[in-house]
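See structure below.
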2 protein chains.
Amino acid sequence: VGRLLGIDIGGTKVAWALADRSGSVEARGRRPLDPSGDGEQDLDRIVADVEGLLERAGVATDTIDAIGVSAPSPQDPDAGLVLGPPNLPGWAQVAVRARLGAAFGRPVFLENDANAAALAEWRFGAGRGRSDLVYLTMSTGVGAGIIAGGRLVQGRAGGAGEVGHAPVEHPGEPCACGLRGCLEAYVGGAAWTKRLRRTAPATGRVAALAGGSQAITPVHVVAAAQEGDAFACAELERFNEYLARALVGLVFTLAPEVIVLGTIASAAGERLCFAPLREKVRQRAWERLARDLEIVPAALGEQTADLAGVCVALHGLAGDGGGAS
Amino acid sequence: VGRLLGIDIGGTKVAWALADRSGSVEARGRRPLDPSGDGEQDLDRIVADVEGLLERAGVATDTIDAIGVSAPSPQDPDAGLVLGPPNLPGWAQVAVRARLGAAFGRPVFLENDANAAALAEWRFGAGRGRSDLVYLTMSTGVGAGIIAGGRLVQGRAGGAGEVGHAPVEHPGEPCACGLRGCLEAYVGGAAWTKRLRRTAPATGRVAALAGGSQAITPVHVVAAAQEGDAFACAELERFNEYLARALVGLVFTLAPEVIVLGTIASAAGERLCFAPLREKVRQRAWERLARDLEIVPAALGEQTADLAGVCVALHGLAGDGGGAS
């Protein structure tokens with residue numbers, strides 16, 4: 001019946017869902033990931049979770065067309081391996097495709113979380129019906145998924161989409177990755193939080209909203225900027241400035257129809273982020289590239305966890321990446 | 001017999017060639033373009049040239065699988081129009097696909113010159129056998145063609161690949177396009193020539209090689225740098241610095257296997273350009289992206305004019321862009 005099974009392995013939780021090709025979810029589950037330190041063992045537990053789901057839903061594996069997995073980068077999509085993301089201890093070289101293929105006997109496709117979320121926003125979210133899309137995660141770090149001509153851009157060894165480390169200042173501020181001037185060093189949640197705790201006035205509105213300088217996160221800057229706090233507004237202007245620099249580079253390189261921005265940008269919203277960002281991009285990109293370009297918040301929110309893996313399966317079946325088990 | 005007909009419309013010349021799928025050229029011709037001011041009339045003359053070629057070669061049009069056209073940007077590849085490049089007077093909205101389709105009754109595919117040259121370097125030049133390639137023209141202006149996963153990245157309305165206008169400095173120097181800080185404002189032949197004529201010491205080696213400051217071009221800087229001239233070496237260092245900034249952005253965005261550089265970079269060669277450029281990119285990109293990355297000169301040279309159009313036809317037939325007449 002053309003079912004798709006999606007598995008979303010996050011840094012802190014794992015989710016699984018059965019859906020049809022229209023994205024309609026038939027059954028789902030999720031739980032904290034709680035890494036054991038042994039990736040193979042964690043994966044065995046995920047297999048057991050999915051087996052439980054299929055049993056409860058009364059679904060035979062031969063009614064599943066494909067399995068799609070979203071997992072933190074880095075990974076090797078051709079080999080079907082997760083290569084040891086920093087926040088998943090024990091997950092060095094975990095053979096996700098081989099293990100799931102052996103368990104369920106269906107084709108398995110694997111993508112990193114940014115690519116999987118980009119596929120989900122493209123199929124069922126803010127980029128529906130388009131051919132050329134860039135999605136930026138805008139979370140603790142900044143990852144990207146790029147759809148060009150209706151296909152995911154994967155690059156050599158699945159390495160494409162690390163737009164968070166494209167330089168936006170020269171040489172610029174140090175990034176957690178060891179380089180300087182990376183987009184992520186300016187707009188990544190972790191880097192921004194660090195900066196805010198260092199620079200926000202101790203008696204200012206941002207610190208007050210957070211209940212102390214050392215508890216500040218970007219959420220408090222957004223809240224203070226909504227009240228018109230000068231420090232917070234200047235911080236958002238800086239955020240928009242660096243983000244705009246990266247978007248202009250993407251616009252000239254890829255000519256997307258739509259740029260979809262995740263977590264932090266979504267939270268900042270239209271007035272504090274999207275309107276000023278669009279204006280900056282319009283001023284710095286050619287009219288024929290910027291005129292019809294949409295810059296919009298991600299639309300799926302929590303649904304992403306259900307649909308990311310499903311969309312990886314869908315894209316894999318379309319013959320555009322990954323491979324059979 | 002699977003022949004392909006390629007037509008390369010340049011700013012100053014037009015070339016046409018018949019080749020098979022392996023790139024072996026059976027017949028060719030070229031002449032100065034000499035624009036009449038009426039694009040339709042210029043196109044009629046190109047049709048007559050090609051008819052003459054086919055007659056002399058004894059080739060019937062029904063042995064031709066497809067026609068590929070390389071023409072200066074901007075253009076609308078879906079509509080098959082050339083939209084009035086600045087250096088082709090009278091070529092606003094010329095319906096290249098319709099005219100050639102009517103004349104020869106074969107499918108016609110159209111790409112801008114940077115995309116067409118990228119396809120040629122990919123199929124038959126420095127990027128042979130790879131899936132992910134970026135080609136930069138590095139001529140008067142800086143254009144790019146991007147191959148991702150074995151397909152040309154075209155973007156909305158064929159607008160992708162304008163890497164010459166990705167920002168490399170903020171706000172940076174004015175570019176001829178009206179923006180500031182564009183890559184082309186630093187490494188484009190026209191912009192660099194202008195700067196050299198303004199800044200080169202009147203009694204220095206570069207001016208002497210050119211026979212006067214006002215005759216300086218990048219060629220003279222390369223020649224003087226080969227002799228160790230300090231001004232020329234500093235200019236090449238500047239060229240490499242700005243080019244490296246753009247390449248690092250491309251590496252993080254697209255994870256190419258190979259970056260192919262055209263005219264000026266090719267002329268500067270290994271010691272003055274490619275070796276220092278590779279070192280800069282290696283210092284500023286992650287090891288897993290930079291390790292196996294090749295940064296190499298274009299390999300086809302004059303052959304590009306024969307093969308660019310042929311490769312557009314080949315790529316079009318593979319179903320990856322353009323459309324039937």
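Quick note on naming: the chains in the structure tokens go A, B, ... in the order shown, residues restart at 1 in each chain, and ligands are numbered from 1 in order of appearance.
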If DSSP is run on the backbone, what residues of segment 156-256 of chain B are strand (DSSP E or B)? A reply as an MDAnalysis selection string would be ideal. chainID B and resid 167 174 180 182
Writer output for current selection, C-alpha atoms, as a short mmCIF file (atom, residue, chain, number, x, y, z; two decimals), in the first residue's frame:
data_model
loop_
_atom_site.label_atom_id
_atom_site.label_comp_id
_atom_site.auth_asym_id
_atom_site.auth_seq_id
_atom_site.Cartn_x
_atom_site.Cartn_y
_atom_site.Cartn_z
CA PRO B 167 30.11 39.01 -1.42
CA PRO B 174 31.96 48.91 -5.84
CA ARG B 180 29.59 46.27 -3.40
CA CYS B 182 31.32 41.17 -5.12
#
Need to verify the contact set: Leu307 of chain B, 10 Å, only C-alpha atoms, exclusion of same-chain residues closer than 4 positions in sequence. Can you return it as a PyMOL selection string? chain B and resi 4-8+15-19+23-25+68+70+116-117+119-121+123-125+300+302-303+311-313
I need the contact residues of chain B against chain A, so if you could list those with any atom within 6 Å, counting only C-alpha atoms, and return them as a VMD selection string, that would help. chain B and resid 155 to 156 159 to 163 166 249 252 to 257
I need the chosen residues saved as a PDB file, in the first residue's frame, with N, CA, C and O atoms.
ATOM      1  N   GLY B 155      18.798  26.696 -10.870  1.00  0.00           N
ATOM      2  CA  GLY B 155      18.124  27.699 -10.052  1.00  0.00           C
ATOM      3  C   GLY B 155      16.886  28.250 -10.731  1.00  0.00           C
ATOM      4  O   GLY B 155      16.577  27.885 -11.866  1.00  0.00           O
ATOM      5  N   ARG B 156      16.184  29.113 -10.000  1.00  0.00           N
ATOM      6  CA  ARG B 156      14.967  29.706 -10.553  1.00  0.00           C
ATOM      7  C   ARG B 156      15.299  30.527 -11.790  1.00  0.00           C
ATOM      8  O   ARG B 156      16.220  31.326 -11.787  1.00  0.00           O
ATOM      9  N   GLY B 159      18.882  31.186 -12.988  1.00  0.00           N
ATOM     10  CA  GLY B 159      19.680  32.248 -12.370  1.00  0.00           C
ATOM     11  C   GLY B 159      20.860  31.804 -11.524  1.00  0.00           C
ATOM     12  O   GLY B 159      21.629  32.644 -11.050  1.00  0.00           O
ATOM     13  N   ALA B 160      21.049  30.499 -11.326  1.00  0.00           N
ATOM     14  CA  ALA B 160      22.136  30.039 -10.450  1.00  0.00           C
ATOM     15  C   ALA B 160      23.506  30.275 -11.084  1.00  0.00           C
ATOM     16  O   ALA B 160      23.621  30.497 -12.284  1.00  0.00           O
ATOM     17  N   GLY B 161      24.536  30.208 -10.257  1.00  0.00           N
ATOM     18  CA  GLY B 161      25.911  30.266 -10.763  1.00  0.00           C
ATOM     19  C   GLY B 161      26.490  31.660 -10.886  1.00  0.00           C
ATOM     20  O   GLY B 161      27.541  31.841 -11.481  1.00  0.00           O
ATOM     21  N   GLU B 162      25.827  32.653 -10.319  1.00  0.00           N
ATOM     22  CA  GLU B 162      26.369  34.023 -10.389  1.00  0.00           C
ATOM     23  C   GLU B 162      27.320  34.255  -9.215  1.00  0.00           C
ATOM     24  O   GLU B 162      27.230  35.258  -8.494  1.00  0.00           O
ATOM     25  N   VAL B 163      28.246  33.325  -9.073  1.00  0.00           N
ATOM     26  CA  VAL B 163      29.175  33.335  -7.946  1.00  0.00           C
ATOM     27  C   VAL B 163      30.083  34.573  -7.974  1.00  0.00           C
ATOM     28  O   VAL B 163      30.596  34.999  -6.946  1.00  0.00           O
ATOM     29  N   ALA B 166      28.727  36.922  -5.405  1.00  0.00           N
ATOM     30  CA  ALA B 166      28.679  36.569  -3.983  1.00  0.00           C
ATOM     31  C   ALA B 166      29.647  37.515  -3.262  1.00  0.00           C
ATOM     32  O   ALA B 166      30.731  37.797  -3.767  1.00  0.00           O
ATOM     33  N   GLY B 249      33.459  29.437   0.695  1.00  0.00           N
ATOM     34  CA  GLY B 249      31.994  29.453   0.757  1.00  0.00           C
ATOM     35  C   GLY B 249      31.390  28.358  -0.108  1.00  0.00           C
ATOM     36  O   GLY B 249      30.456  27.664   0.310  1.00  0.00           O
ATOM     37  N   PHE B 252      31.943  24.792   1.533  1.00  0.00           N
ATOM     38  CA  PHE B 252      31.021  24.477   2.623  1.00  0.00           C
ATOM     39  C   PHE B 252      29.587  24.305   2.118  1.00  0.00           C
ATOM     40  O   PHE B 252      28.810  23.538   2.678  1.00  0.00           O
ATOM     41  N   THR B 253      29.222  25.006   1.077  1.00  0.00           N
ATOM     42  CA  THR B 253      27.857  24.933   0.571  1.00  0.00           C
ATOM     43  C   THR B 253      27.630  23.679  -0.275  1.00  0.00           C
ATOM     44  O   THR B 253      26.617  23.001  -0.124  1.00  0.00           O
ATOM     45  N   LEU B 254      28.596  23.362  -1.143  1.00  0.00           N
ATOM     46  CA  LEU B 254      28.360  22.349  -2.174  1.00  0.00           C
ATOM     47  C   LEU B 254      29.224  21.096  -2.046  1.00  0.00           C
ATOM     48  O   LEU B 254      28.945  20.092  -2.705  1.00  0.00           O
ATOM     49  N   ALA B 255      30.293  21.158  -1.261  1.00  0.00           N
ATOM     50  CA  ALA B 255      31.212  20.019  -1.135  1.00  0.00           C
ATOM     51  C   ALA B 255      31.589  19.427  -2.489  1.00  0.00           C
ATOM     52  O   ALA B 255      31.399  18.228  -2.733  1.00  0.00           O
ATOM     53  N   PRO B 256      32.136  20.251  -3.376  1.00  0.00           N
ATOM     54  CA  PRO B 256      32.510  19.716  -4.697  1.00  0.00           C
ATOM     55  C   PRO B 256      33.726  18.796  -4.607  1.00  0.00           C
ATOM     56  O   PRO B 256      34.493  18.847  -3.649  1.00  0.00           O
ATOM     57  N   GLU B 257      33.866  17.935  -5.615  1.00  0.00           N
ATOM     58  CA  GLU B 257      35.077  17.112  -5.738  1.00  0.00           C
ATOM     59  C   GLU B 257      36.183  17.896  -6.416  1.00  0.00           C
ATOM     60  O   GLU B 257      37.356  17.689  -6.165  1.00  0.00           O
TER      61      GLU B 257
END
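The space separating atom CA of Gly269 of chain A from atom CA of Ala215 of chain A comes to 22.0 Å.
The neighbours of segment 270-274 of chain B here are the residues that come within 9 Å of it, using only C-alpha atoms and leaving out any residue fewer than 5 positions away in the same chain; they are Val222, Ala225, Gln226, Cys233, Leu236, Glu237, Phe239, Asn240, Ala265, Glu279, Ile295, Val296 and Pro297 of chain B.
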Mind fitting chain B onto chain A over all Cα atoms in sequence order and sending the result as a compact mmCIF listing (two decimals) with C-alpha atoms, in the first residue's frame?
# COMPACT_ATOMS: atom_id res chain seq x y z
CA VAL B 1 -0.04 0.05 0.06
CA GLY B 2 2.96 2.33 -0.31
CA ARG B 3 3.76 2.98 3.33
CA LEU B 4 6.93 4.79 4.34
CA LEU B 5 8.69 4.38 7.66
CA GLY B 6 10.59 7.36 9.01
CA ILE B 7 13.06 7.33 11.88
CA ASP B 8 14.38 10.59 13.31
CA ILE B 9 17.44 10.19 15.54
CA GLY B 10 18.05 13.49 17.33
CA GLY B 11 20.63 14.52 19.90
CA THR B 12 18.18 14.00 22.76
CA LYS B 13 15.21 12.10 21.34
CA VAL B 14 14.27 9.49 18.79
CA ALA B 15 10.99 9.48 16.86
CA TRP B 16 9.48 7.06 14.37
CA ALA B 17 6.42 7.28 12.15
CA LEU B 18 4.54 5.38 9.47
CA ALA B 19 3.06 7.56 6.75
CA ASP B 20 1.77 7.39 3.21
CA ARG B 21 3.22 9.33 0.30
CA SER B 22 0.99 12.31 0.99
CA GLY B 23 2.59 12.70 4.44
CA SER B 24 -0.48 11.48 6.30
CA VAL B 25 0.81 9.79 9.49
CA GLU B 26 -0.80 6.45 10.37
CA ALA B 27 1.16 5.66 13.54
CA ARG B 28 3.98 7.28 15.48
CA GLY B 29 6.10 7.08 18.59
CA ARG B 30 8.92 8.93 20.29
CA ARG B 31 11.06 8.78 23.42
CA PRO B 32 14.21 10.34 24.89
CA LEU B 33 17.31 8.96 23.13
CA ASP B 34 19.28 8.41 26.34
CA PRO B 35 22.50 7.19 24.64
CA SER B 36 23.97 4.06 26.24
CA GLY B 37 27.47 4.83 24.97
CA ASP B 38 27.14 1.93 22.52
CA GLY B 39 25.60 3.02 19.22
CA GLU B 40 24.86 -0.54 18.09
CA GLN B 41 22.89 -1.13 21.28
CA ASP B 42 21.02 2.17 20.89
CA LEU B 43 20.16 1.14 17.35
CA ASP B 44 18.91 -2.28 18.52
CA ARG B 45 16.56 -0.47 20.88
CA ILE B 46 15.29 1.69 18.03
CA VAL B 47 14.66 -1.48 15.99
CA ALA B 48 12.66 -2.91 18.91
CA ASP B 49 10.66 0.33 19.18
CA VAL B 50 9.78 0.21 15.50
CA GLU B 51 8.89 -3.50 15.69
CA GLY B 52 6.55 -2.64 18.56
CA LEU B 53 4.98 0.13 16.51
CA LEU B 54 4.40 -2.14 13.52
CA GLU B 55 2.89 -4.85 15.72
CA ARG B 56 0.49 -2.47 17.49
CA ALA B 57 -0.51 -0.94 14.15
CA GLY B 58 -0.94 -4.40 12.59
CA VAL B 59 1.39 -3.48 9.74
CA ALA B 60 3.47 -6.11 7.90
CA THR B 61 6.96 -5.01 6.80
CA ASP B 62 6.22 -5.99 3.20
CA THR B 63 3.69 -3.16 2.97
CA ILE B 64 6.49 -0.68 3.62
CA ASP B 65 8.15 0.69 0.46
CA ALA B 66 11.18 2.15 2.15
CA ILE B 67 12.70 3.30 5.41
CA GLY B 68 14.18 6.79 5.77
CA VAL B 69 16.48 7.83 8.58
CA SER B 70 17.34 11.34 9.71
CA ALA B 71 20.44 11.40 11.91
CA PRO B 72 22.90 14.08 13.08
CA SER B 73 25.81 14.80 10.76
CA PRO B 74 28.49 13.84 9.87
CA GLN B 75 27.64 10.64 8.09
CA ASP B 76 28.35 8.70 4.95
CA PRO B 77 25.08 8.37 3.05
CA ASP B 78 26.54 6.07 0.38
CA ALA B 79 27.83 3.60 2.95
CA GLY B 80 24.77 4.10 5.17
CA LEU B 81 26.91 4.93 8.20
CA VAL B 82 26.54 7.46 10.98
CA LEU B 83 30.09 8.62 11.61
CA GLY B 84 30.06 9.72 15.21
CA PRO B 85 28.25 13.01 15.79
CA PRO B 86 29.74 14.88 18.78
CA ASN B 87 26.51 14.66 20.80
CA LEU B 88 25.94 10.92 20.27
CA PRO B 89 28.61 9.06 22.28
CA GLY B 90 29.33 5.58 20.96
CA TRP B 91 27.91 6.29 17.51
CA ALA B 92 31.21 6.21 15.61
CA GLN B 93 30.72 4.21 12.39
CA VAL B 94 27.29 2.81 13.19
CA ALA B 95 26.02 0.87 10.15
CA VAL B 96 22.47 2.17 10.23
CA ARG B 97 21.51 1.06 6.74
CA ALA B 98 22.79 -2.50 7.14
CA ARG B 99 21.18 -2.97 10.57
CA LEU B 100 17.77 -1.63 9.57
CA GLY B 101 17.92 -3.42 6.24
CA ALA B 102 18.58 -6.72 8.02
CA ALA B 103 15.81 -6.12 10.56
CA PHE B 104 13.04 -5.11 8.14
CA GLY B 105 14.17 -6.30 4.71
CA ARG B 106 13.28 -3.00 3.07
CA PRO B 107 15.41 -0.36 1.29
CA VAL B 108 16.95 2.10 3.75
CA PHE B 109 17.93 5.69 2.99
CA LEU B 110 19.93 7.93 5.31
CA GLU B 111 20.38 11.69 5.49
CA ASN B 112 21.68 14.18 8.00
CA ASP B 113 19.10 16.10 10.02
CA ALA B 114 19.40 19.36 8.06
CA ASN B 115 18.93 17.59 4.72
CA ALA B 116 16.02 15.56 6.09
CA ALA B 117 14.28 18.65 7.50
CA ALA B 118 14.86 20.44 4.19
CA LEU B 119 13.18 17.54 2.35
CA ALA B 120 10.25 17.70 4.80
CA GLU B 121 9.80 21.47 4.39
CA TRP B 122 10.04 21.00 0.63
CA ARG B 123 7.48 18.19 0.36
CA PHE B 124 5.03 19.22 3.06
CA GLY B 125 6.04 22.57 4.54
CA ALA B 126 7.07 26.07 3.54
CA GLY B 127 8.65 24.98 0.24
CA ARG B 128 5.82 22.85 -1.11
CA GLY B 129 5.63 22.78 -4.90
CA ARG B 130 8.98 24.48 -5.46
CA SER B 131 12.08 23.09 -7.18
CA ASP B 132 14.80 25.22 -5.61
CA LEU B 133 14.93 25.67 -1.86
CA VAL B 134 17.47 26.33 0.87
CA TYR B 135 16.60 25.42 4.44
CA LEU B 136 18.70 26.66 7.37
CA THR B 137 18.27 24.97 10.75
CA MET B 138 19.20 28.07 12.85
CA SER B 139 19.38 26.10 16.09
CA THR B 140 22.36 25.48 18.43
CA GLY B 141 24.42 25.24 15.27
CA VAL B 142 23.54 26.25 11.72
CA GLY B 143 23.05 23.46 9.19
CA ALA B 144 21.51 23.63 5.76
CA GLY B 145 19.71 21.43 3.30
CA ILE B 146 19.71 22.47 -0.34
CA ILE B 147 17.19 21.35 -2.97
CA ALA B 148 18.23 22.27 -6.52
CA GLY B 149 16.04 21.38 -9.48
CA GLY B 150 13.93 19.11 -7.26
CA ARG B 151 16.90 17.13 -5.98
CA LEU B 152 18.84 17.22 -2.75
CA VAL B 153 22.37 18.59 -3.18
CA GLN B 154 24.57 16.13 -1.30
CA GLY B 155 28.09 16.91 -2.44
CA ARG B 156 31.10 14.65 -2.10
CA ALA B 157 30.59 12.13 0.72
CA GLY B 158 27.35 13.88 1.68
CA GLY B 159 29.33 16.95 2.75
CA ALA B 160 27.20 19.71 1.18
CA GLY B 161 25.02 22.12 3.15
CA GLU B 162 27.51 23.21 5.81
CA VAL B 163 26.45 26.79 5.18
CA GLY B 164 26.93 27.53 8.88
CA HIS B 165 30.65 27.58 8.19
CA ALA B 166 30.68 29.71 5.07
CA PRO B 167 32.63 32.85 6.01
CA VAL B 168 30.69 36.08 6.59
CA GLU B 169 33.55 38.14 8.07
CA HIS B 170 37.30 38.17 7.34
CA PRO B 171 38.98 36.92 9.43
CA GLY B 172 36.11 37.35 11.89
CA GLU B 173 35.33 35.80 15.27
CA PRO B 174 36.48 32.33 16.29
CA CYS B 175 33.94 29.56 15.67
CA ALA B 176 33.54 26.43 17.81
CA CYS B 177 34.68 24.46 14.72
CA GLY B 178 38.17 25.99 14.95
CA LEU B 179 37.85 28.34 11.99
CA ARG B 180 37.08 32.07 12.04
CA GLY B 181 34.30 34.21 10.64
CA CYS B 182 31.82 31.34 10.11
CA LEU B 183 28.12 32.25 9.92
CA GLU B 184 27.54 29.97 12.92
CA ALA B 185 29.96 32.02 15.04
CA TYR B 186 27.51 34.94 14.69
CA VAL B 187 24.03 33.44 14.48
CA GLY B 188 24.34 29.93 15.91
CA GLY B 189 22.41 29.49 19.17
CA ALA B 190 25.41 28.29 21.14
CA ALA B 191 27.75 31.05 19.97
CA TRP B 192 25.14 33.76 20.34
CA THR B 193 24.22 32.59 23.86
CA LYS B 194 27.86 32.72 24.91
CA ARG B 195 28.22 36.25 23.53
CA LEU B 196 24.98 37.44 25.15
CA ARG B 197 26.04 36.19 28.57
CA ARG B 198 29.31 38.10 28.15
CA THR B 199 27.98 41.34 26.70
CA ALA B 200 24.40 41.89 27.93
CA PRO B 201 24.18 44.65 30.55
CA ALA B 202 23.86 42.95 33.96
CA THR B 203 21.04 45.29 34.97
CA GLY B 204 19.39 45.41 31.55
CA ARG B 205 16.07 44.07 30.32
CA VAL B 206 17.52 40.93 28.68
CA ALA B 207 19.22 39.81 31.91
CA ALA B 208 16.08 40.64 33.89
CA LEU B 209 13.88 38.50 31.60
CA ALA B 210 16.37 35.63 31.90
CA GLY B 211 16.65 35.96 35.69
CA GLY B 212 20.38 36.71 35.50
CA SER B 213 23.09 37.16 32.88
CA GLN B 214 24.20 33.55 33.00
CA ALA B 215 20.73 32.28 32.10
CA ILE B 216 20.36 34.41 28.95
CA THR B 217 19.48 32.67 25.69
CA PRO B 218 18.38 34.11 22.32
CA VAL B 219 14.76 33.69 23.50
CA HIS B 220 15.27 36.50 26.02
CA VAL B 221 16.77 38.78 23.37
CA VAL B 222 13.73 38.24 21.18
CA ALA B 223 11.38 38.97 24.09
CA ALA B 224 13.30 42.13 25.07
CA ALA B 225 13.46 43.32 21.46
CA GLN B 226 9.68 42.94 21.21
CA GLU B 227 9.50 45.46 24.08
CA GLY B 228 11.89 47.77 22.23
CA ASP B 229 14.98 47.24 24.42
CA ALA B 230 17.93 48.91 22.67
CA PHE B 231 20.57 46.27 23.45
CA ALA B 232 18.26 43.48 22.26
CA CYS B 233 17.34 45.35 19.07
CA ALA B 234 21.03 45.92 18.28
CA GLU B 235 21.70 42.22 18.80
CA LEU B 236 18.92 41.26 16.41
CA GLU B 237 20.19 43.78 13.88
CA ARG B 238 23.61 42.09 14.13
CA PHE B 239 21.97 38.65 13.76
CA ASN B 240 20.09 39.82 10.66
CA GLU B 241 23.20 41.45 9.19
CA TYR B 242 25.33 38.31 9.31
CA LEU B 243 22.48 36.08 8.23
CA ALA B 244 21.81 38.41 5.27
CA ARG B 245 25.45 38.15 4.17
CA ALA B 246 25.17 34.37 3.98
CA LEU B 247 21.79 34.49 2.26
CA VAL B 248 23.09 36.87 -0.42
CA GLY B 249 25.89 34.40 -1.18
CA LEU B 250 23.35 31.59 -1.44
CA VAL B 251 21.05 33.63 -3.68
CA PHE B 252 23.82 34.38 -6.18
CA THR B 253 25.10 30.80 -6.09
CA LEU B 254 21.84 28.84 -6.18
CA ALA B 255 19.02 31.23 -7.18
CA PRO B 256 16.52 29.54 -4.86
CA GLU B 257 12.78 30.21 -5.03
CA VAL B 258 12.44 30.03 -1.28
CA ILE B 259 14.74 30.20 1.75
CA VAL B 260 13.24 28.56 4.83
CA LEU B 261 14.63 29.50 8.24
CA GLY B 262 14.26 27.34 11.34
CA THR B 263 14.25 27.72 15.10
CA ILE B 264 15.79 31.05 16.14
CA ALA B 265 14.67 33.00 13.08
CA SER B 266 11.16 31.53 13.36
CA ALA B 267 11.02 32.55 17.01
CA ALA B 268 12.16 36.10 16.22
CA GLY B 269 9.36 36.35 13.68
CA GLU B 270 8.28 38.71 10.96
CA ARG B 271 8.98 42.14 12.42
CA LEU B 272 12.29 41.42 14.17
CA CYS B 273 13.80 39.05 11.64
CA PHE B 274 12.07 38.30 8.34
CA ALA B 275 11.09 41.83 7.28
CA PRO B 276 14.54 43.40 7.93
CA LEU B 277 16.27 40.34 6.48
CA ARG B 278 14.28 40.51 3.23
CA GLU B 279 15.08 44.21 2.94
CA LYS B 280 18.83 43.59 3.36
CA VAL B 281 18.81 40.78 0.80
CA ARG B 282 16.84 42.92 -1.63
CA GLN B 283 19.42 45.70 -1.32
CA ARG B 284 22.36 43.37 -1.93
CA ALA B 285 21.15 40.94 -4.60
CA TRP B 286 20.12 41.61 -8.18
CA GLU B 287 16.51 42.44 -8.71
CA ARG B 288 15.94 39.45 -11.00
CA LEU B 289 17.16 37.07 -8.27
CA ALA B 290 15.59 38.82 -5.25
CA ARG B 291 12.25 39.91 -6.73
CA ASP B 292 10.31 36.67 -6.34
CA LEU B 293 12.48 35.14 -3.63
CA GLU B 294 10.58 34.11 -0.53
CA ILE B 295 12.33 34.17 2.84
CA VAL B 296 9.98 32.46 5.27
CA PRO B 297 9.89 30.60 8.60
CA ALA B 298 9.81 26.80 8.68
CA ALA B 299 6.22 25.59 8.64
CA LEU B 300 6.34 22.10 10.12
CA GLY B 301 7.55 22.68 13.69
CA GLU B 302 7.12 19.55 15.80
CA GLN B 303 5.79 17.64 12.78
CA THR B 304 9.34 17.66 11.39
CA ALA B 305 10.25 14.73 13.64
CA ASP B 306 7.46 12.64 12.06
CA LEU B 307 8.06 13.69 8.49
CA ALA B 308 11.85 14.09 8.17
CA GLY B 309 12.58 10.35 7.97
CA VAL B 310 9.50 9.75 5.83
CA CYS B 311 10.72 12.36 3.34
CA VAL B 312 14.18 10.79 3.26
CA ALA B 313 12.48 7.53 2.25
CA LEU B 314 10.38 9.31 -0.37
CA HIS B 315 13.41 11.09 -1.84
CA GLY B 316 15.43 7.88 -1.80
CA LEU B 317 12.72 6.03 -3.70
CA ALA B 318 12.66 8.79 -6.30
CA GLY B 319 16.19 7.65 -7.11
CA ASP B 320 17.84 10.82 -5.97
CA GLY B 321 20.16 9.74 -3.23
CA GLY B 322 21.00 6.96 -0.81
CA GLY B 323 20.67 3.38 -1.98
CA ALA B 324 19.00 0.08 -1.31
CA SER B 325 19.98 -2.00 1.68
Report the residues of segment 141-318 of chain B whose backbone DSSP state falls under alpha helix (DSSP H), written as a ChimeraX atom specification. /B:184-187,189-199,205-210,218-226,230-254,263-269,275-284,287-290,303-317
